[in-house]
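Quick notes on the structure that follows.
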Amino acid sequence: MPRIVVVGSINMDLVTLAPRFPRPGETLLGTQFFTAHGGKGANQAVAAARLGAQVALVGALGYDAFGDQLHAGLTREGIDLAHVARLTQVGSGTASITVANGENTIAVVPAANAQVSPAQVEAAGDAIAAADAVLVQLEIPLETVDATLRRAEREGVPVILNPAPAQPLPYEWLTRASCITPNQHELATVLGADASVDFRELMRACPCPVVLTRGSEGAWYRTADAAEPRHQAGFAATAVDTTGAGDTFNGALAVFLREGMADAVRKACAAAALSVTKLGAQDGMPTARELGAFLAGRAQAGVRSRRGSP
C-alpha cells in the first residue's frame, strides 16, 4: 500500500449549476445548488485514498459547521488527520463554483488555509520520512510550500508540486521538486514565459521533470532521463463536471509513481477521465476497483479492435 502525504487546502465547495456563465453585472437564474467537499489538498488526498493509498493530510480547518462536515468527510475516507489544525480565529475555506456546459469557474476564499504553517510540516516530519510520495499545491502560504519541498528533499522522498493557482515560482523550488504537474498556462506562468511558446519547448526548459495536463487530450511528460516529452492520450468520457479532474490526476499520479512515470501518467489520465462523469470534485473520484475495471475494459476493447471483432 503506497503511503502518501498531502500538504494543502481544505474547502467547502458552494456549487451552482447554470445554463451558461453570467456576464459581468448580470443576474442569471441557476438550475441547481449544492455543497461539496473540496480544496486541492483535500481533493488530492481523497483521490489517493480511494485508489488504495494510506494518506496523511497536513492542513487547517475552522471550528465552524463547514469545518465539522469537512473533518467528518475526510475521516470517512480513512485519511489521517493528525496534522490538520482546527482554528478558532478564522473560518474554514470556501470555493464558489459555477458549472455550465461541463466547464467551471471558481472563486476561492482561503480562510483557515492561509494559516497552514511550516511548523505543521515539521511536526509531520515522521509521516513525510515514511512516505512514498508527497503532494503539495499553492492554495496555502508559499513559506509552507517551501518548507514541504525542503523537508521532502531532506528525507529523500519524491515530492510532486502542483503549481495551482498559477504564479511564478523560485528556480530553487523547481530544482527541489521531483516533478511539477501544471497545465499549459500554469507552466508558462511558473517559468515567467510567454504563454504562446510551444508547451514542449517550455517543458524542455524546466529544470525538473514535468507532467503537463491537456484535458481530454491526456498529458505530456518529460522525465529526468529523457530529453523529449512523451504523450499519453486521454480516455474518452462524457464530461458532466470537470471540477476536481486535475486533483484526481495528481492523487493518482502520486499513488502509482513508484510503478514508473509512464504507467503512473496512464493511470492518472484514466482516473481523471472517470472523475468528470459525475458532479462534485470528490464525488466523481474513482476507487481502485473502478479504475481497474475501466482500464481492463479499455484493454479488452483494444484487443477486439486489433482482431477486427465487432
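Naming works like this for the C-alpha cells: A, B, ... for the chains as they're shown, residue 1 at the start of each chain, ligands 1 onward in shown order.
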Mind checking which residues fall within 10 Å of segment 203-215 of chain A, counting only C-alpha atoms, ignoring those fewer than 3 positions away in the same chain, and posting them as a PyMOL selection string?
-> chain A and resi 160-162+171-188+190-191+198-200+218-235+242+245-246+249-250+253+261+265+269+272-273
Near Ile128 of chain A, counting only C-alpha atoms, which residues have an atom at most 10 Å away, once you skip same-chain residues fewer than 3 positions from it, shown as an MDAnalysis selection string?
-> chainID A and resid 3:6 56 121:125 131:134 148 151:152 154:159
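For the atom pair formed by atom CA of Asp146 of chain A and atom CA of Pro110 of chain A, the distance is 18.2 Å, given to one decimal.
The closest residue to Gln120 of chain A, picked from A:Val84, A:Ala45, A:Ala254, A:Leu14 and counting only C-alpha atoms, is A:Val84.
Among the candidate residues A:Ser92, A:Asn101, A:Asn113, A:Thr27, the one lying nearest to Val240 of chain A is A:Asn101, with distances computed using only C-alpha atoms.
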Could you pull the residues within 9 Å of Phe294 of chain A, counting only C-alpha atoms, minus those fewer than 6 positions along the same chain, as a PyMOL selection string?
-> chain A and resi 270-271+274
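For the pair atom CA of Gly41 of chain A and atom CA of Leu291 of chain A, the interatomic distance is 21.1 Å.
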Those of segment 88-247 of chain A in DSSP helix (DSSP H, G or I), formatted as JSON, numbers by chain = {"A": [111, 112, 113, 114, 115, 118, 119, 120, 121, 122, 123, 125, 126, 127, 128, 129, 142, 143, 144, 145, 146, 147, 148, 149, 150, 151, 152, 153, 154, 155, 171, 172, 173, 174, 175, 176, 184, 185, 186, 187, 188, 189, 190, 191, 199, 200, 201, 202, 203, 204, 205, 215, 216, 217, 245, 246, 247]}
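Every protein, DNA or RNA residue with an atom at most 7 Å from His83 of chain A, where only C-alpha atoms count and chain neighbours fewer than 2 positions away do not, is listed here: Leu57, Val58, Gly59, Leu81, Ala85, Gln120 and Ala124 of chain A.
If you measure from each of A:Thr238, A:Thr94, A:Thr88, A:Gln167 to Thr277 of chain A using only C-alpha atoms, the closest one turns out to be A:Thr238.
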Looking only at the backbone, which of the residues in segment 153-227 of chain A does DSSP tag as strand (DSSP E), as JSON, numbers by chain?
-> {"A": [159, 160, 161, 179, 180, 210, 211, 212, 213, 218, 219, 220, 221, 222]}
Please identify all polymer residues within 7 Å of Leu138 of chain A, counting only C-alpha atoms, omitting same-chain residues fewer than 6 positions from it, and present them as a PDB file with N, CA and C atoms, in the first residue's frame.
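Output (result-v8.pdb):
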ATOM      1  N   PRO A 163       1.472  23.265  -9.356  1.00  0.00           N
ATOM      2  CA  PRO A 163       1.582  24.721  -9.260  1.00  0.00           C
ATOM      3  C   PRO A 163       0.278  25.445  -9.598  1.00  0.00           C
ATOM      4  N   ALA A 164      -0.721  25.242  -8.744  1.00  0.00           N
ATOM      5  CA  ALA A 164      -2.027  25.857  -8.938  1.00  0.00           C
ATOM      6  C   ALA A 164      -2.550  26.348  -7.587  1.00  0.00           C
ATOM      7  N   PRO A 165      -3.132  27.554  -7.569  1.00  0.00           N
ATOM      8  CA  PRO A 165      -3.270  28.526  -8.653  1.00  0.00           C
ATOM      9  C   PRO A 165      -1.896  29.007  -9.151  1.00  0.00           C
TER      10      PRO A 165
END
Among A:Thr287, A:Gln115, A:Asn104, A:Thr31, Ile140 of chain A is approached most closely, using only C-alpha atoms, by A:Gln115
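Shortest atom-to-atom contact with Leu28 of chain A among A:Val46, A:Leu142, A:Ala100, A:Ala72: A:Ala100, counting only C-alpha atoms.
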10 Å contact set for Gly93 of chain A, only C-alpha atoms, chain neighbours under 5 positions out, as a compact mmCIF listing (two decimals) with C-alpha atoms, in the first residue's frame:
# COMPACT_ATOMS: atom_id res chain seq x y z
CA SER A 9 -6.04 23.25 1.33
CA ILE A 10 -9.42 22.04 2.54
CA ASN A 11 -12.56 23.86 1.30
CA MET A 12 -16.29 23.61 1.26
CA ASP A 13 -17.37 23.97 -2.37
CA GLY A 38 -13.23 20.24 -1.84
CA GLY A 39 -9.94 22.13 -1.68
CA ALA A 60 -6.27 23.57 8.60
CA LEU A 61 -9.99 23.98 9.28
CA GLY A 62 -12.04 26.45 11.24
CA PHE A 66 -18.20 23.61 7.40
CA GLY A 67 -15.12 22.54 9.33
CA VAL A 108 -11.72 30.70 -3.54
CA VAL A 109 -11.64 32.31 -0.07
CA PRO A 110 -8.65 30.69 1.72
CA ALA A 111 -9.60 31.50 5.36
CA ALA A 112 -8.04 28.72 7.52
CA ASN A 113 -5.95 27.52 4.57
CA ALA A 114 -3.94 30.75 4.81
If you count only C-alpha atoms, the residue of A:Pro19, A:Thr189, A:Leu295, A:Lys278 closest to Leu202 of chain A turns out to be A:Thr189
